[in-house]
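S.K.: Contents are compact mmCIF, C-alpha atoms; file name model01.txt:
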# COMPACT_ATOMS: atom_id res chain seq x y z
CA MET A 217 56.59 19.60 77.59
CA ASN A 218 55.86 23.20 76.68
CA VAL A 219 52.61 23.87 74.85
CA LEU A 220 52.37 27.18 73.00
CA LEU A 221 49.02 28.96 73.30
CA PHE A 222 47.60 31.58 70.96
CA GLY A 223 44.65 33.96 70.71
CA ALA A 224 41.61 33.35 72.90
CA ILE A 225 43.21 30.20 74.33
CA ALA A 226 46.19 32.19 75.64
CA GLU A 227 43.79 34.79 77.03
CA GLN A 228 41.77 32.12 78.83
CA ALA A 229 44.92 30.50 80.26
CA GLN A 230 46.43 33.92 81.05
CA ALA A 231 49.69 32.65 79.55
CA ASP A 232 51.28 32.16 76.14
CA ARG A 233 52.68 28.73 77.09
CA ILE A 234 51.94 26.03 79.61
CA GLU A 235 54.06 23.14 80.92
CA VAL A 236 52.36 19.72 81.01
CA GLN A 237 53.17 16.01 80.93
CA ALA A 238 51.37 13.70 78.47
CA GLY A 239 52.22 10.51 76.61
CA SER A 240 49.82 11.00 73.69
CA THR A 241 47.86 13.73 71.96
CA HIS A 242 44.55 12.50 73.44
CA GLU A 243 46.06 12.52 76.93
CA LEU A 244 47.45 15.99 76.23
CA LYS A 245 44.01 17.30 75.29
CA ASP A 246 42.54 15.85 78.50
CA VAL A 247 45.28 17.43 80.62
CA LEU A 248 44.87 20.80 78.91
CA CYS A 249 41.08 20.76 79.36
CA ARG A 250 41.63 20.32 83.10
CA ARG A 251 44.22 23.13 83.23
CA ILE A 252 42.54 25.74 80.97
CA PRO A 253 38.98 26.66 81.99
CA GLY A 254 36.54 26.46 79.07
CA LEU A 255 38.97 24.85 76.61
CA ASP A 256 36.56 21.94 76.12
CA ARG A 257 34.04 24.42 74.64
CA MET A 258 36.54 26.20 72.36
CA SER A 259 37.43 25.43 68.76
CA TYR A 260 41.13 24.84 68.19
CA ALA A 261 43.63 22.77 66.24
CA LEU A 262 46.48 20.85 67.83
CA ALA A 263 49.79 21.17 66.00
CA VAL A 264 52.70 18.83 66.65
CA ASP A 265 55.98 19.90 65.08
CA ARG A 266 54.08 22.44 62.96
CA ALA A 267 51.62 19.90 61.50
CA ILE A 268 47.95 19.73 62.47
CA VAL A 269 47.16 16.42 64.16
CA HIS A 270 43.66 14.92 64.18
CA ASP A 271 44.30 11.38 65.40
CA ASP A 272 45.89 10.15 68.60
CA ARG A 273 49.65 9.78 68.41
CA PRO A 274 52.38 9.15 70.97
CA LEU A 275 54.40 12.06 72.32
CA THR A 276 57.99 11.92 73.59
CA GLY A 277 58.04 15.38 75.19
CA ARG A 278 60.54 16.76 72.67
CA GLU A 279 57.92 17.89 70.14
CA GLU A 280 56.87 21.46 69.49
CA ILE A 281 53.20 21.58 70.52
CA ALA A 282 50.79 24.45 69.81
CA LEU A 283 47.08 25.05 70.33
CA LEU A 284 45.77 27.15 67.48
CA PRO A 285 42.39 28.88 67.61
CA PRO A 286 40.57 29.59 64.35
CA PHE A 287 42.31 32.38 62.44
CA ALA A 288 40.69 34.97 60.21
CA GLY A 289 42.78 36.58 57.52
CA GLY A 290 42.47 39.70 55.53
I need this file expressed as structure tokens, please.

M.R.:
Amino acid sequence: MNVLLFGAIAEQAQADRIEVQAGSTHELKDVLCRRIPGLDRMSYALAVDRAIVHDDRPLTGREEIALLPPFAGG
């Protein structure tokens, strides 16, 4: 599945998207922490199909996934 990356997370990964395999959101976070140096120390929200997800949920691989760093508005 493609995971969209934004802000400091994209800078750290040196990419705006990353391809991974995961069967759940918790597994996805583990995989991403191994692939993106320092992600485990960063603040971010996980969005699945444009909704922020806090709990573990199964993934089929067809979802739109995004890692969203904190945003400041003005």

S.K.: Have a look at A:Leu255, A:Ile225, A:Leu262, A:Ile268 and name the one nearest to His242 (chain A); count all atoms listed in the file.

M.R.: A:Leu262

S.K.: Kindly provide the residues of region 262-287 of chain A that approach region 247-251 of chain A to within 12 Å, each paired with its closest atom pair and their distance in Å to one decimal, based on only C-alpha atoms, listed by chain and increasing number, as CSV.

M.R.:
residue,atom,partner,partner_atom,distance
A:Leu262,CA,A:Leu248,CA,11.2
A:Ile281,CA,A:Leu248,CA,11.8
A:Ala282,CA,A:Leu248,CA,11.5
A:Leu283,CA,A:Leu248,CA,9.8

S.K.: Tell me which of A:Val219, A:Glu227, A:His270, A:Leu284 sits closest to Gly254 (chain A), counting all atoms listed in the file.

M.R.: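 Distance minimum relative to Gly254 (chain A) lands on A:Glu227.
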
S.K.: Can you pull out the residues contacting Asp272 (chain A)? Cut-off 10 Å, using only C-alpha atoms, and skip same-chain residues under 2 positions away; I want them as a VMD selection string.

M.R.: chain A and resid 240 to 245 269 to 270 274 to 275

S.K.: For Glu279 (chain A), find every residue with an atom within 8 Å (counting all atoms listed in the file), except residues of its own chain fewer than 4 positions away, and show them as a list in words.

M.R.: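 With the cut-off at 8 Å, the set is Met217, Val264, Asp265 and Leu275 of chain A.
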
S.K.: Enumerate, as a ChimeraX atom specification, the protein, DNA and RNA residues whose atoms approach (47.3, 29.7, 74.5) to within 9 Å, taking into account only C-alpha atoms and the coordinate frame of the file.

M.R.: /A:219-234,252,282-285

S.K.: Mind pulling up the distance from CA of Gly239 (chain A) to CA of Thr276 (chain A)?

M.R.: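 Between these atoms lies a distance of 6.7 Å.
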
S.K.: Measuring atom to atom with all atoms listed in the file, identify which of A:Arg266, A:Ala238, A:Tyr260, A:Asp271 is nearest to Phe287 (chain A).

M.R.: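 The closest residue to Phe287 (chain A) is A:Tyr260.
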
S.K.: Adding 3 Å on each side of the box along x, y and z that holds all listed atoms of region 241-254 of chain A, could you give its centre and edge lengths in Å to one decimal, as AutoDock Vina command-line options?

M.R.:
--center_x 42.2 --center_y 19.6 --center_z 77.6 --size_x 17.3 --size_y 20.2 --size_z 17.3

S.K.: From the list A:Arg278, A:Met258, A:Ala263, A:Asn218, which residue is nearest Glu235 (chain A) when using only C-alpha atoms?

M.R.: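 For Glu235 (chain A), the nearest of the candidates is A:Asn218.
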